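Everything below concerns the one structure shown next.
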Amino acid sequence: MKMTNGLIDALLTALSQKEFISGATKQTGYAIYRNLRILTEENKDYTKMIGELLKKYGKENENGGYYIDQDDKDAMDAFYKELVPISNMIVDVNLYQIDKKDFDLPYCETATPQQYALIEECLVKNEPESDEK
C-alpha cells in the first residue's frame, strides 16, 4: 500500500492507543499488533527527521528534548517548510489486512472518528468489485 510518511505516522498514532492494543481480539487484534510492528519500523526515518528538524529550529527543554516555540513564527515556518515535503513522501508499506467480516475494532475513548476511519481504510482488504450491473 502506498502511503505518505505523514499518514504512516497518523496510523501508528491511532493504532497505539491503549484501548485498541488491549481491547482488540481475534483477527483484528492480530492485524493491529502486526501492523504496529510494521509501522514502527517504517516510521523510524521520519521520526528521526522530525527530531533533527526540532533540534535545528527549536529550543531545548529542561528534560533535554526539543520543541518549537509556538510564538516563534519564523521557526515554525522554517520547520514546516522542511517537514511538509518529507511528510508527503510516498512509501510502499506492506500492511497486513483482513476481510471486512473479520474486522471488529473495539471502542476507544480517546480515538477520533477520523482515526477510526483511517484504521478501517488501512486494515480492511478492499472488496473486489462485482461485474454485475
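Chain labels run A, B, ... following the order of the C-alpha cells; each chain numbers its residues from 1, and ligands are numbered from 1 in the order shown.
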Surrounding residues of A:Asp45 excluding itself and chain neighbours under 5 positions, 12 Å, only C-alpha atoms, as number ranges by chain: A: 5-6, 8-9, 39-40, 50-52, 86-87, 89, 91
For C-alpha atoms, I'd like the residues from the last selection saved as a compact mmCIF listing (two decimals), in the first residue's frame.
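What follows is the written file selection15.txt:
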# COMPACT_ATOMS: atom_id res chain seq x y z
CA ASN A 5 5.17 9.44 5.85
CA GLY A 6 2.57 11.65 7.49
CA ILE A 8 2.11 6.29 8.40
CA ASP A 9 2.73 8.43 11.47
CA LEU A 39 4.56 0.83 11.01
CA THR A 40 7.03 1.36 13.86
CA ILE A 50 11.42 15.32 12.84
CA GLY A 51 13.92 15.13 15.70
CA GLU A 52 16.67 16.67 13.59
CA ILE A 86 9.23 14.82 3.94
CA SER A 87 5.72 14.18 5.30
CA MET A 89 6.97 11.48 0.51
CA VAL A 91 6.45 4.95 0.95
Need to verify the contact set: A:Gln27, 8 Å, only C-alpha atoms, exclusion of same-chain residues closer than 5 positions in sequence. Can you return it as an mmCIF file with C-alpha atoms, in the first residue's frame?
data_model
loop_
_atom_site.group_PDB
_atom_site.id
_atom_site.type_symbol
_atom_site.label_atom_id
_atom_site.label_comp_id
_atom_site.auth_asym_id
_atom_site.auth_seq_id
_atom_site.Cartn_x
_atom_site.Cartn_y
_atom_site.Cartn_z
ATOM 1 C CA ILE A 98 -8.074 -8.603 6.975
ATOM 2 C CA ASP A 102 -13.452 -10.217 10.448
ATOM 3 C CA PHE A 103 -12.889 -6.552 11.333
#
Could you give me the residues within chain A that DSSP places in strand (DSSP E or B), as a PDB file with C-alpha atoms, in the first residue's frame?
ATOM      1  CA  LYS A   2       1.377   3.389  -0.936  1.00  0.00           C
ATOM      2  CA  MET A   3       1.279   5.830   1.976  1.00  0.00           C
ATOM      3  CA  THR A   4       2.864   9.152   2.855  1.00  0.00           C
ATOM      4  CA  LYS A  59      14.630  25.132  21.751  1.00  0.00           C
ATOM      5  CA  GLU A  60      15.819  22.610  24.306  1.00  0.00           C
ATOM      6  CA  TYR A  66      13.355  19.908  21.793  1.00  0.00           C
ATOM      7  CA  TYR A  67      10.255  21.892  20.928  1.00  0.00           C
ATOM      8  CA  ILE A  90       5.384   8.219  -0.666  1.00  0.00           C
ATOM      9  CA  VAL A  91       6.453   4.947   0.945  1.00  0.00           C
ATOM     10  CA  ASP A  92       5.335   1.471  -0.111  1.00  0.00           C
ATOM     11  CA  ILE A  98      -8.074  -8.603   6.975  1.00  0.00           C
ATOM     12  CA  VAL A 124      -9.507  -3.911   5.824  1.00  0.00           C
TER      13      VAL A 124
END
Counting only C-alpha atoms, the residue of A:Met1, A:Ala31, A:Ala10, A:Cys108 that sits nearest A:Leu123: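 When distances to A:Leu123 are compared using only C-alpha atoms, the smallest one comes from A:Ala31.
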Atomic separation - atom CA of A:Leu36 relative to atom CA of A:Ser16, Å: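 Interatomic distance, atom CA of A:Ser16 to atom CA of A:Leu36: 7.3 Å.
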Atom-to-atom span, atom CA of A:Val93 and atom CA of A:Pro113, Å: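 Separation between atom CA of A:Val93 and atom CA of A:Pro113: 23.3 Å.
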Distance query A:Gly23 at most 10 Å, only C-alpha atoms, self and fewer than 5 positions along chain excluded, as an MDAnalysis selection string: chainID A and resid 18 28:29 105:108
Between atom CA of A:Tyr57 and atom CA of A:Lys81 - distance in Å to one decimal: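 Distance reported for this atom pair: 11.2 Å.
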A:Leu12, A:Lys56, A:Glu121, A:Tyr30 ranked by distance to A:Lys44, top pick (using only C-alpha atoms): A:Leu12
Secondary structure check, helix (DSSP H, G or I) residues of stretch 3-105 of chain A, as a ChimeraX atom specification: /A:5-15,18-23,26-57,73-87,100-102
